[in-house]
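File shown: start_6.pdb. Contents: PDB, C-alpha atoms.
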ATOM      1  CA  MET A  14      14.369  15.092 -16.448  1.00  0.00           C
ATOM      2  CA  GLU A  15      14.299  11.841 -18.466  1.00  0.00           C
ATOM      3  CA  LYS A  16      15.731   9.878 -15.525  1.00  0.00           C
ATOM      4  CA  ASP A  17      12.968  11.088 -13.200  1.00  0.00           C
ATOM      5  CA  ILE A  18      10.290  10.102 -15.716  1.00  0.00           C
ATOM      6  CA  SER A  19      11.778   6.628 -16.079  1.00  0.00           C
ATOM      7  CA  LEU A  20      12.039   6.254 -12.281  1.00  0.00           C
ATOM      8  CA  ASP A  21       8.379   7.204 -12.010  1.00  0.00           C
ATOM      9  CA  ARG A  22       7.506   4.676 -14.712  1.00  0.00           C
ATOM     10  CA  ALA A  23       9.625   2.055 -12.957  1.00  0.00           C
ATOM     11  CA  SER A  24       7.909   2.793  -9.626  1.00  0.00           C
ATOM     12  CA  ARG A  25       4.468   2.367 -11.153  1.00  0.00           C
ATOM     13  CA  PHE A  26       5.443  -0.859 -12.885  1.00  0.00           C
ATOM     14  CA  LEU A  27       7.076  -2.202  -9.709  1.00  0.00           C
ATOM     15  CA  SER A  28       3.850  -1.460  -7.822  1.00  0.00           C
ATOM     16  CA  LEU A  29       1.911  -3.459 -10.381  1.00  0.00           C
ATOM     17  CA  VAL A  30       4.327  -6.394 -10.320  1.00  0.00           C
ATOM     18  CA  LEU A  31       5.005  -6.534  -6.573  1.00  0.00           C
ATOM     19  CA  ARG A  32       1.406  -5.871  -5.469  1.00  0.00           C
ATOM     20  CA  HIS A  33      -0.831  -7.401  -8.095  1.00  0.00           C
ATOM     21  CA  GLU A  34       0.683  -9.191 -11.092  1.00  0.00           C
ATOM     22  CA  PRO A  35       4.119 -10.761 -10.557  1.00  0.00           C
ATOM     23  CA  GLN A  36       3.260 -13.246 -13.307  1.00  0.00           C
ATOM     24  CA  LYS A  37       3.269 -10.352 -15.802  1.00  0.00           C
ATOM     25  CA  ILE A  38       7.072 -10.721 -15.904  1.00  0.00           C
ATOM     26  CA  GLY A  39       7.262 -14.337 -14.689  1.00  0.00           C
ATOM     27  CA  LEU A  40       8.341 -13.278 -11.194  1.00  0.00           C
ATOM     28  CA  GLN A  41       7.837 -15.494  -8.153  1.00  0.00           C
ATOM     29  CA  LEU A  42       7.063 -13.880  -4.803  1.00  0.00           C
ATOM     30  CA  ASP A  43       7.453 -15.849  -1.594  1.00  0.00           C
ATOM     31  CA  ALA A  44       4.629 -16.131   0.952  1.00  0.00           C
ATOM     32  CA  GLN A  45       5.639 -12.791   2.504  1.00  0.00           C
ATOM     33  CA  GLY A  46       5.677 -10.975  -0.840  1.00  0.00           C
ATOM     34  CA  TRP A  47       9.473 -10.856  -1.251  1.00  0.00           C
ATOM     35  CA  ALA A  48      11.177 -11.153  -4.639  1.00  0.00           C
ATOM     36  CA  GLU A  49      14.878 -11.707  -5.258  1.00  0.00           C
ATOM     37  CA  ILE A  50      16.279  -8.381  -6.484  1.00  0.00           C
ATOM     38  CA  ASP A  51      18.671  -9.914  -9.029  1.00  0.00           C
ATOM     39  CA  ASP A  52      15.823 -11.937 -10.542  1.00  0.00           C
ATOM     40  CA  LEU A  53      13.529  -8.901 -10.578  1.00  0.00           C
ATOM     41  CA  LEU A  54      16.117  -6.722 -12.344  1.00  0.00           C
ATOM     42  CA  GLN A  55      16.751  -9.375 -15.005  1.00  0.00           C
ATOM     43  CA  ARG A  56      13.038  -9.846 -15.657  1.00  0.00           C
ATOM     44  CA  LEU A  57      12.389  -6.100 -15.792  1.00  0.00           C
ATOM     45  CA  GLY A  58      15.148  -5.747 -18.395  1.00  0.00           C
ATOM     46  CA  ARG A  59      13.650  -8.529 -20.523  1.00  0.00           C
ATOM     47  CA  HIS A  60      10.290  -6.729 -20.380  1.00  0.00           C
ATOM     48  CA  GLY A  61      11.560  -3.369 -21.601  1.00  0.00           C
ATOM     49  CA  LEU A  62      12.276  -1.709 -18.278  1.00  0.00           C
ATOM     50  CA  PRO A  63      16.036  -1.863 -17.788  1.00  0.00           C
ATOM     51  CA  LEU A  64      16.896  -0.919 -14.229  1.00  0.00           C
ATOM     52  CA  ASP A  65      20.182  -1.447 -12.431  1.00  0.00           C
ATOM     53  CA  ARG A  66      20.646  -1.913  -8.699  1.00  0.00           C
ATOM     54  CA  ALA A  67      21.754   1.659  -8.068  1.00  0.00           C
ATOM     55  CA  ARG A  68      18.627   3.074  -9.728  1.00  0.00           C
ATOM     56  CA  LEU A  69      16.424   0.564  -7.907  1.00  0.00           C
ATOM     57  CA  ASP A  70      17.946   1.638  -4.596  1.00  0.00           C
ATOM     58  CA  ARG A  71      17.349   5.278  -5.550  1.00  0.00           C
ATOM     59  CA  LEU A  72      13.754   4.511  -6.508  1.00  0.00           C
ATOM     60  CA  VAL A  73      13.134   2.825  -3.122  1.00  0.00           C
ATOM     61  CA  GLN A  74      14.828   5.614  -1.132  1.00  0.00           C
ATOM     62  CA  GLU A  75      13.226   8.512  -3.001  1.00  0.00           C
ATOM     63  CA  ASN A  76       9.694   7.157  -3.223  1.00  0.00           C
ATOM     64  CA  ASP A  77       7.645   9.685  -1.267  1.00  0.00           C
ATOM     65  CA  LYS A  78       5.126   7.034  -0.220  1.00  0.00           C
ATOM     66  CA  ARG A  79       7.811   4.489   0.726  1.00  0.00           C
ATOM     67  CA  ARG A  80       5.951   1.873  -1.296  1.00  0.00           C
ATOM     68  CA  PHE A  81       8.807  -0.632  -1.267  1.00  0.00           C
ATOM     69  CA  ALA A  82      11.034  -2.272   1.319  1.00  0.00           C
ATOM     70  CA  ILE A  83      14.384  -3.975   0.842  1.00  0.00           C
ATOM     71  CA  SER A  84      15.203  -6.868   3.152  1.00  0.00           C
ATOM     72  CA  ASP A  85      17.805  -6.484   5.878  1.00  0.00           C
ATOM     73  CA  ASP A  86      20.270  -8.608   3.882  1.00  0.00           C
ATOM     74  CA  GLY A  87      19.753  -6.360   0.822  1.00  0.00           C
ATOM     75  CA  LEU A  88      18.863  -9.274  -1.461  1.00  0.00           C
ATOM     76  CA  ARG A  89      15.057  -9.016  -1.663  1.00  0.00           C
ATOM     77  CA  ILE A  90      12.374  -6.404  -2.247  1.00  0.00           C
ATOM     78  CA  ARG A  91       8.627  -6.242  -1.647  1.00  0.00           C
ATOM     79  CA  ALA A  92       5.752  -3.793  -1.684  1.00  0.00           C
ATOM     80  CA  SER A  93       5.080  -2.385   1.782  1.00  0.00           C
ATOM     81  CA  GLN A  94       1.291  -2.835   1.476  1.00  0.00           C
ATOM     82  CA  GLY A  95      -1.537  -2.656  -1.046  1.00  0.00           C
ATOM     83  CA  HIS A  96      -1.441  -6.221  -2.337  1.00  0.00           C
ATOM     84  CA  SER A  97      -4.375  -7.738  -4.175  1.00  0.00           C
ATOM     85  CA  ILE A  98      -2.588 -11.102  -4.140  1.00  0.00           C
ATOM     86  CA  ALA A  99      -2.371 -13.168  -0.969  1.00  0.00           C
ATOM     87  CA  VAL A 100       0.786 -12.377   0.984  1.00  0.00           C
ATOM     88  CA  ASP A 101       1.541 -12.420   4.688  1.00  0.00           C
ATOM     89  CA  LEU A 102       3.542  -9.308   5.488  1.00  0.00           C
ATOM     90  CA  GLY A 103       4.204 -10.682   8.964  1.00  0.00           C
ATOM     91  CA  LEU A 104       2.954  -7.530  10.636  1.00  0.00           C
ATOM     92  CA  ALA A 105       2.223  -7.805  14.338  1.00  0.00           C
ATOM     93  CA  PRO A 106      -1.137  -6.539  15.577  1.00  0.00           C
ATOM     94  CA  LEU A 107      -0.800  -3.069  17.107  1.00  0.00           C
ATOM     95  CA  VAL A 108      -2.929  -0.733  19.165  1.00  0.00           C
ATOM     96  CA  PRO A 109      -3.884   2.083  16.794  1.00  0.00           C
ATOM     97  CA  PRO A 110      -4.088   5.747  17.718  1.00  0.00           C
ATOM     98  CA  PRO A 111      -7.578   6.852  18.805  1.00  0.00           C
ATOM     99  CA  TRP A 112      -8.413   8.266  15.363  1.00  0.00           C
ATOM    100  CA  LEU A 113      -7.305   7.341  11.858  1.00  0.00           C
ATOM    101  CA  TYR A 114      -8.423   8.798   8.538  1.00  0.00           C
ATOM    102  CA  HIS A 115      -9.508   7.573   5.121  1.00  0.00           C
ATOM    103  CA  GLY A 116      -9.541   9.624   1.936  1.00  0.00           C
ATOM    104  CA  THR A 117     -12.274   8.902  -0.600  1.00  0.00           C
ATOM    105  CA  VAL A 118     -14.550  10.732  -3.059  1.00  0.00           C
ATOM    106  CA  PRO A 119     -18.274  11.607  -2.832  1.00  0.00           C
ATOM    107  CA  ARG A 120     -19.447   8.887  -5.240  1.00  0.00           C
ATOM    108  CA  PHE A 121     -18.456   6.175  -2.716  1.00  0.00           C
ATOM    109  CA  LEU A 122     -20.098   7.734   0.357  1.00  0.00           C
ATOM    110  CA  GLU A 123     -23.486   6.006  -0.031  1.00  0.00           C
ATOM    111  CA  ALA A 124     -21.899   2.551  -0.207  1.00  0.00           C
ATOM    112  CA  ILE A 125     -19.568   3.388   2.683  1.00  0.00           C
ATOM    113  CA  ALA A 126     -22.539   4.493   4.819  1.00  0.00           C
ATOM    114  CA  THR A 127     -24.186   1.105   4.185  1.00  0.00           C
ATOM    115  CA  GLU A 128     -21.235  -1.311   4.047  1.00  0.00           C
ATOM    116  CA  GLY A 129     -18.440   0.552   5.766  1.00  0.00           C
ATOM    117  CA  LEU A 130     -14.935   0.554   4.328  1.00  0.00           C
ATOM    118  CA  ARG A 131     -14.016  -2.668   2.569  1.00  0.00           C
ATOM    119  CA  PRO A 132     -10.643  -3.576   1.067  1.00  0.00           C
ATOM    120  CA  GLY A 133     -12.038  -4.102  -2.431  1.00  0.00           C
ATOM    121  CA  GLU A 134      -9.437  -6.025  -4.394  1.00  0.00           C
ATOM    122  CA  ARG A 135      -6.756  -5.403  -1.778  1.00  0.00           C
ATOM    123  CA  GLN A 136      -6.172  -7.427   1.364  1.00  0.00           C
ATOM    124  CA  HIS A 137      -6.778  -4.562   3.801  1.00  0.00           C
ATOM    125  CA  VAL A 138      -8.481  -1.214   4.207  1.00  0.00           C
ATOM    126  CA  HIS A 139      -5.795   1.500   4.227  1.00  0.00           C
ATOM    127  CA  LEU A 140      -5.994   4.231   6.848  1.00  0.00           C
ATOM    128  CA  SER A 141      -3.846   7.315   7.364  1.00  0.00           C
ATOM    129  CA  LEU A 142      -2.424   8.738  10.563  1.00  0.00           C
ATOM    130  CA  ASP A 143      -3.369  12.300   9.615  1.00  0.00           C
ATOM    131  CA  ARG A 144      -6.042  14.158   7.690  1.00  0.00           C
ATOM    132  CA  ASP A 145      -3.576  15.712   5.214  1.00  0.00           C
ATOM    133  CA  THR A 146      -2.368  12.325   3.993  1.00  0.00           C
ATOM    134  CA  ALA A 147      -5.954  11.063   3.690  1.00  0.00           C
ATOM    135  CA  LEU A 148      -6.800  14.217   1.721  1.00  0.00           C
ATOM    136  CA  GLN A 149      -3.970  13.486  -0.739  1.00  0.00           C
ATOM    137  CA  VAL A 150      -5.110   9.867  -1.099  1.00  0.00           C
ATOM    138  CA  GLY A 151      -8.702  10.907  -1.800  1.00  0.00           C
ATOM    139  CA  ALA A 152      -7.594  13.579  -4.285  1.00  0.00           C
ATOM    140  CA  ARG A 153      -6.176  10.907  -6.610  1.00  0.00           C
ATOM    141  CA  ARG A 154      -9.742  10.054  -7.647  1.00  0.00           C
ATOM    142  CA  GLY A 155     -11.399  13.465  -7.632  1.00  0.00           C
ATOM    143  CA  THR A 156     -12.622  15.974  -5.067  1.00  0.00           C
ATOM    144  CA  PRO A 157     -11.561  14.400  -1.779  1.00  0.00           C
ATOM    145  CA  VAL A 158     -13.628  13.675   1.299  1.00  0.00           C
ATOM    146  CA  VAL A 159     -11.855  12.701   4.512  1.00  0.00           C
ATOM    147  CA  LEU A 160     -13.562  10.241   6.843  1.00  0.00           C
ATOM    148  CA  SER A 161     -12.561  10.008  10.505  1.00  0.00           C
ATOM    149  CA  ILE A 162     -12.289   6.465  11.824  1.00  0.00           C
ATOM    150  CA  ASP A 163     -12.799   5.774  15.527  1.00  0.00           C
ATOM    151  CA  ALA A 164      -9.895   3.333  15.601  1.00  0.00           C
ATOM    152  CA  GLY A 165      -9.652   3.358  19.392  1.00  0.00           C
ATOM    153  CA  ARG A 166     -13.235   2.130  19.763  1.00  0.00           C
ATOM    154  CA  MET A 167     -12.798  -0.365  16.912  1.00  0.00           C
ATOM    155  CA  HIS A 168      -9.754  -1.828  18.637  1.00  0.00           C
ATOM    156  CA  ALA A 169     -11.548  -1.944  21.993  1.00  0.00           C
ATOM    157  CA  ASP A 170     -14.352  -3.850  20.249  1.00  0.00           C
ATOM    158  CA  GLY A 171     -11.895  -6.473  18.967  1.00  0.00           C
ATOM    159  CA  HIS A 172     -10.909  -5.262  15.508  1.00  0.00           C
ATOM    160  CA  VAL A 173      -7.276  -5.934  14.605  1.00  0.00           C
ATOM    161  CA  PHE A 174      -4.923  -3.277  13.221  1.00  0.00           C
ATOM    162  CA  HIS A 175      -1.471  -3.504  11.684  1.00  0.00           C
ATOM    163  CA  GLN A 176       0.940  -0.818  10.533  1.00  0.00           C
ATOM    164  CA  SER A 177       2.898  -1.342   7.323  1.00  0.00           C
ATOM    165  CA  ALA A 178       6.563  -0.472   6.899  1.00  0.00           C
ATOM    166  CA  ASN A 179       5.609   2.867   5.354  1.00  0.00           C
ATOM    167  CA  GLY A 180       3.266   3.898   8.170  1.00  0.00           C
ATOM    168  CA  VAL A 181      -0.073   3.033   6.573  1.00  0.00           C
ATOM    169  CA  TRP A 182      -2.532   1.519   9.050  1.00  0.00           C
ATOM    170  CA  LEU A 183      -4.281  -1.637   7.865  1.00  0.00           C
ATOM    171  CA  THR A 184      -7.441  -3.428   8.986  1.00  0.00           C
ATOM    172  CA  ALA A 185      -9.771  -5.971   7.417  1.00  0.00           C
ATOM    173  CA  HIS A 186     -12.968  -3.850   7.412  1.00  0.00           C
ATOM    174  CA  VAL A 187     -14.314  -0.670   8.981  1.00  0.00           C
ATOM    175  CA  PRO A 188     -18.017  -1.063   9.854  1.00  0.00           C
ATOM    176  CA  PRO A 189     -20.149   2.067   9.352  1.00  0.00           C
ATOM    177  CA  LYS A 190     -20.659   2.678  13.075  1.00  0.00           C
ATOM    178  CA  TYR A 191     -16.969   3.615  13.447  1.00  0.00           C
ATOM    179  CA  ILE A 192     -16.975   6.184  10.618  1.00  0.00           C
ATOM    180  CA  ALA A 193     -17.534   9.903  11.135  1.00  0.00           C
ATOM    181  CA  GLY A 194     -17.760  12.325   8.217  1.00  0.00           C
TER     182      GLY A 194
END
What's the C-alpha coordinates form of this structure?
Amino acid sequence: MEKDISLDRASRFLSLVLRHEPQKIGLQLDAQGWAEIDDLLQRLGRHGLPLDRARLDRLVQENDKRRFAISDDGLRIRASQGHSIAVDLGLAPLVPPPWLYHGTVPRFLEAIATEGLRPGERQHVHLSLDRDTALQVGARRGTPVVLSIDAGRMHADGHVFHQSANGVWLTAHVPPKYIAG
(Lines of atoms letter the chains of each structure in order from A and count residues from 1; the text may use other names and numbers.)
(Lines give C-alpha, C1' and ligand atoms only; values in the text may rest on other atoms or scores of the structure.)
Protein backbone atom coordinates (compact mmCIF):
# COMPACT_ATOMS: atom_id res chain seq x y z
CA MET A 1 0.00 0.00 0.00
CA GLU A 2 2.80 2.46 0.87
CA LYS A 3 4.41 1.98 -2.55
CA ASP A 4 1.17 2.87 -4.35
CA ILE A 5 0.78 6.03 -2.27
CA SER A 6 4.33 7.10 -3.05
CA LEU A 7 3.83 6.36 -6.76
CA ASP A 8 0.71 8.51 -6.69
CA ARG A 9 2.64 11.28 -4.94
CA ALA A 10 5.46 10.92 -7.46
CA SER A 11 2.99 11.10 -10.36
CA ARG A 12 1.45 14.30 -9.03
CA PHE A 13 4.84 15.89 -8.43
CA LEU A 14 6.07 14.82 -11.88
CA SER A 15 2.98 16.44 -13.41
CA LEU A 16 3.80 19.67 -11.61
CA VAL A 17 7.47 19.62 -12.63
CA LEU A 18 7.08 18.43 -16.23
CA ARG A 19 3.99 20.54 -17.04
CA HIS A 20 4.30 23.72 -15.02
CA GLU A 21 7.32 24.27 -12.77
CA PRO A 22 10.54 22.51 -13.80
CA GLN A 23 12.46 25.25 -11.99
CA LYS A 24 11.00 23.97 -8.70
CA ILE A 25 13.75 21.32 -8.74
CA GLY A 26 16.18 23.15 -11.05
CA LEU A 27 15.24 20.97 -14.03
CA GLN A 28 15.76 22.09 -17.62
CA LEU A 29 13.26 21.01 -20.27
CA ASP A 30 14.14 21.28 -23.94
CA ALA A 31 11.88 23.09 -26.43
CA GLN A 32 9.74 19.95 -26.83
CA GLY A 33 9.29 19.48 -23.08
CA TRP A 34 11.76 16.60 -22.68
CA ALA A 35 13.92 16.17 -19.58
CA GLU A 36 16.87 13.81 -19.19
CA ILE A 37 15.68 10.95 -16.98
CA ASP A 38 18.96 10.58 -15.07
CA ASP A 39 18.96 14.30 -14.27
CA LEU A 40 15.29 14.20 -13.25
CA LEU A 41 15.84 11.24 -10.89
CA GLN A 42 18.82 12.93 -9.23
CA ARG A 43 16.92 16.18 -8.74
CA LEU A 44 13.83 14.40 -7.40
CA GLY A 45 16.01 12.61 -4.84
CA ARG A 46 17.57 15.89 -3.71
CA HIS A 47 14.07 17.32 -3.24
CA GLY A 48 12.77 14.53 -1.02
CA LEU A 49 11.21 12.29 -3.64
CA PRO A 50 13.63 9.42 -4.18
CA LEU A 51 12.62 7.46 -7.25
CA ASP A 52 14.68 4.92 -9.14
CA ARG A 53 14.39 4.09 -12.83
CA ALA A 54 12.38 0.93 -12.29
CA ARG A 55 9.75 2.78 -10.25
CA LEU A 56 9.68 5.63 -12.76
CA ASP A 57 9.07 3.14 -15.56
CA ARG A 58 6.30 1.55 -13.49
CA LEU A 59 4.76 4.96 -12.80
CA VAL A 60 4.73 5.78 -16.55
CA GLN A 61 3.32 2.37 -17.55
CA GLU A 62 0.66 2.19 -14.84
CA ASN A 63 -0.59 5.76 -15.04
CA ASP A 64 -4.23 5.37 -16.07
CA LYS A 65 -4.20 8.71 -17.89
CA ARG A 66 -0.87 8.03 -19.62
CA ARG A 67 0.32 11.47 -18.53
CA PHE A 68 3.96 10.83 -19.38
CA ALA A 69 5.94 9.61 -22.37
CA ILE A 70 9.46 8.20 -22.49
CA SER A 71 11.50 8.89 -25.61
CA ASP A 72 12.23 6.11 -28.09
CA ASP A 73 15.85 5.94 -26.89
CA GLY A 74 14.66 5.58 -23.27
CA LEU A 75 16.75 8.51 -22.04
CA ARG A 76 14.15 11.29 -21.74
CA ILE A 77 10.68 11.85 -20.33
CA ARG A 78 7.99 14.49 -20.82
CA ALA A 79 4.37 15.18 -19.98
CA SER A 80 2.06 14.13 -22.81
CA GLN A 81 0.01 17.35 -22.64
CA GLY A 82 -1.33 19.91 -20.17
CA HIS A 83 1.63 22.29 -20.10
CA SER A 84 1.28 25.83 -18.82
CA ILE A 85 4.85 26.53 -19.95
CA ALA A 86 5.69 26.99 -23.61
CA VAL A 87 6.68 23.70 -25.23
CA ASP A 88 6.28 22.40 -28.76
CA LEU A 89 5.13 18.80 -28.53
CA GLY A 90 5.69 18.44 -32.27
CA LEU A 91 2.19 17.11 -32.83
CA ALA A 92 1.00 17.09 -36.42
CA PRO A 93 -2.40 18.62 -37.17
CA LEU A 94 -5.06 15.92 -37.51
CA VAL A 95 -8.63 15.69 -38.69
CA PRO A 96 -10.69 15.17 -35.54
CA PRO A 97 -13.70 12.89 -35.24
CA PRO A 98 -17.02 14.65 -35.89
CA TRP A 99 -17.72 15.11 -32.17
CA LEU A 100 -15.47 15.55 -29.15
CA TYR A 101 -16.42 16.18 -25.54
CA HIS A 102 -15.39 18.45 -22.69
CA GLY A 103 -16.10 17.86 -19.01
CA THR A 104 -16.72 20.90 -16.82
CA VAL A 105 -18.90 22.01 -13.89
CA PRO A 106 -21.99 24.27 -13.80
CA ARG A 107 -20.19 27.32 -12.38
CA PHE A 108 -18.22 27.72 -15.65
CA LEU A 109 -21.17 27.39 -18.05
CA GLU A 110 -22.02 31.12 -18.22
CA ALA A 111 -18.46 32.06 -19.17
CA ILE A 112 -18.28 29.19 -21.65
CA ALA A 113 -21.53 30.34 -23.30
CA THR A 114 -19.99 33.81 -23.78
CA GLU A 115 -16.31 33.07 -24.44
CA GLY A 116 -16.27 29.44 -25.49
CA LEU A 117 -13.64 27.06 -24.15
CA ARG A 118 -10.29 28.70 -23.52
CA PRO A 119 -7.08 26.99 -22.41
CA GLY A 120 -6.74 29.09 -19.26
CA GLU A 121 -3.18 28.68 -18.03
CA ARG A 122 -2.54 25.73 -20.33
CA GLN A 123 -1.49 25.89 -23.96
CA HIS A 124 -4.55 24.10 -25.34
CA VAL A 125 -8.16 23.25 -24.64
CA HIS A 126 -8.39 19.53 -23.81
CA LEU A 127 -11.14 17.48 -25.41
CA SER A 128 -12.10 13.84 -24.93
CA LEU A 129 -13.00 11.23 -27.51
CA ASP A 130 -15.94 9.95 -25.47
CA ARG A 131 -18.53 11.24 -23.03
CA ASP A 132 -17.44 8.91 -20.20
CA THR A 133 -13.91 10.32 -20.14
CA ALA A 134 -15.25 13.89 -20.23
CA LEU A 135 -17.58 12.99 -17.35
CA GLN A 136 -14.61 11.78 -15.27
CA VAL A 137 -12.65 14.95 -16.09
CA GLY A 138 -15.55 17.19 -15.07
CA ALA A 139 -16.14 15.21 -11.86
CA ARG A 140 -12.72 16.24 -10.53
CA ARG A 141 -14.16 19.69 -9.79
CA GLY A 142 -17.69 18.86 -8.70
CA THR A 143 -20.93 17.73 -10.32
CA PRO A 144 -19.92 17.22 -13.95
CA VAL A 145 -21.50 18.62 -17.08
CA VAL A 146 -20.45 17.21 -20.45
CA LEU A 147 -20.36 19.55 -23.43
CA SER A 148 -20.46 18.19 -26.98
CA ILE A 149 -18.06 19.89 -29.37
CA ASP A 150 -18.81 19.96 -33.10
CA ALA A 151 -15.19 19.23 -33.97
CA GLY A 152 -15.99 18.26 -37.55
CA ARG A 153 -17.51 21.67 -38.27
CA MET A 154 -14.73 23.45 -36.38
CA HIS A 155 -12.13 21.68 -38.50
CA ALA A 156 -14.04 22.43 -41.70
CA ASP A 157 -14.05 26.10 -40.64
CA GLY A 158 -10.25 26.10 -40.29
CA HIS A 159 -9.63 25.30 -36.63
CA VAL A 160 -6.57 23.13 -36.01
CA PHE A 161 -6.61 19.98 -33.87
CA HIS A 162 -3.83 17.80 -32.50
CA GLN A 163 -3.92 14.55 -30.57
CA SER A 164 -1.48 14.03 -27.71
CA ALA A 165 0.37 10.78 -27.05
CA ASN A 166 -2.27 9.77 -24.51
CA GLY A 167 -5.23 10.35 -26.83
CA VAL A 168 -6.37 13.75 -25.58
CA TRP A 169 -7.49 16.06 -28.39
CA LEU A 170 -6.05 19.57 -28.27
CA THR A 171 -7.08 22.85 -29.89
CA ALA A 172 -6.37 26.51 -29.20
CA HIS A 173 -9.96 27.64 -28.49
CA VAL A 174 -13.52 26.40 -28.95
CA PRO A 175 -15.85 29.29 -29.88
CA PRO A 176 -19.36 29.09 -28.39
CA LYS A 177 -21.05 28.35 -31.72
CA TYR A 178 -19.43 24.88 -31.79
CA ILE A 179 -20.59 23.88 -28.29
CA ALA A 180 -23.76 21.92 -27.58
CA GLY A 181 -24.92 21.19 -24.04
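Residues matched by the PyMOL selection byres ((chain A and resi 194) around 9) in this structure: A:Val158, A:Val159, A:Leu160, A:Ser161, A:Ile162, A:Ile192, A:Ala193.
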Could the residues in this selection be saved with C-alpha atoms as a PDB file, keeping the file's coordinate frame?
ATOM      1  CA  VAL A 158     -13.628  13.675   1.299  1.00  0.00           C
ATOM      2  CA  VAL A 159     -11.855  12.701   4.512  1.00  0.00           C
ATOM      3  CA  LEU A 160     -13.562  10.241   6.843  1.00  0.00           C
ATOM      4  CA  SER A 161     -12.561  10.008  10.505  1.00  0.00           C
ATOM      5  CA  ILE A 162     -12.289   6.465  11.824  1.00  0.00           C
ATOM      6  CA  ILE A 192     -16.975   6.184  10.618  1.00  0.00           C
ATOM      7  CA  ALA A 193     -17.534   9.903  11.135  1.00  0.00           C
TER       8      ALA A 193
END
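Using all atoms listed in the file for every distance, the candidate list A:Arg131, A:His96, A:His139, A:Arg66 yields A:His139 as the residue closest to Tyr114 of chain A.
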Next item on the list: Please write the residues picked by the PyMOL selection byres ((chain A and resi 183) around 9) on this file as a PyMOL selection string.
Entry: chain A and resi 94+136-141+173-177+181-182+184-186
Next item on the list: Quick one: pull the distance between atom CA of Asp86 of chain A and atom CA of Arg56 of chain A, Å, one decimal.
Entry: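 Going from atom CA of Asp86 of chain A over to atom CA of Arg56 of chain A, I get 20.9 Å.
Between atom CA of Leu62 of chain A and atom CA of Leu20 of chain A the interatomic distance comes to 10.0 Å.
Minimum atom-to-atom distances from A:Leu148, A:Ile125, A:Ala164, A:Ala23 to Gly58 of chain A were compared using all atoms listed in the file, and the lowest value belongs to A:Ala23.
Using all atoms listed in the file for every distance, the candidate list A:Val187, A:Val108, A:Val150, A:Val118 yields A:Val108 as the residue closest to Ala169 of chain A.
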Checklist line | d(atom CA of Val30 of chain A, atom CA of Asn76 of chain A) in Å | finding: 16.2 Å
Next item on the list: Excluding Ile83 of chain A and residues on its chain fewer than 2 positions from it, collect all residues at most 10 Å away from it, counting all atoms listed in the file, and give them as a ChimeraX atom specification.
Entry: /A:47-50,70,73-74,81,85-93
Which residues would end up in the selection if the PyMOL selection byres ((chain A and resi 110) around 8) were applied here, given that I need the answer as an mmCIF file with C-alpha atoms, in the coordinates of the input?
data_model
loop_
_atom_site.group_PDB
_atom_site.id
_atom_site.type_symbol
_atom_site.label_atom_id
_atom_site.label_comp_id
_atom_site.auth_asym_id
_atom_site.auth_seq_id
_atom_site.Cartn_x
_atom_site.Cartn_y
_atom_site.Cartn_z
ATOM 1 C CA VAL A 108 -2.929 -0.733 19.165
ATOM 2 C CA PRO A 109 -3.884 2.083 16.794
ATOM 3 C CA PRO A 111 -7.578 6.852 18.805
ATOM 4 C CA TRP A 112 -8.413 8.266 15.363
ATOM 5 C CA LEU A 113 -7.305 7.341 11.858
ATOM 6 C CA LEU A 142 -2.424 8.738 10.563
ATOM 7 C CA ALA A 164 -9.895 3.333 15.601
ATOM 8 C CA GLY A 165 -9.652 3.358 19.392
#
Notebook entry, point to check: When distances are computed from only C-alpha atoms, which of A:Gly155, A:Gly61, A:Pro188, A:Gly103 shows the smallest separation from Asp170 of chain A?
Noted result: A:Pro188
Checklist line | Minimum-distance residue to Gly180 of chain A, chosen among A:Leu104, A:Leu42, A:Ala99, A:Ala67 (using only C-alpha atoms) | finding: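 Once distances to Gly180 of chain A are computed over only C-alpha atoms, the minimum belongs to A:Leu104.
Proximity to His33 of chain A was assessed for A:Ser19, A:His115, A:Arg135, A:Ala105 counting all atoms listed in the file; the smallest distance is recorded for A:Arg135.
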Check: Using only C-alpha atoms, which residues sit within 6 Å of Val100 of chain A once same-chain residues fewer than 6 positions away are excluded, as number ranges by chain?
Finding: A: 44-46
Quick one: 6 Å padding each side, axis-aligned, all listed atoms of segment 17-33 of chain A - centre and edge lengths in Å to one decimal, as lines of an AutoDock Vina configuration file?
center_x = 6.1
center_y = 1.8
center_z = -10.8
size_x = 25.8
size_y = 30.5
size_z = 22.6
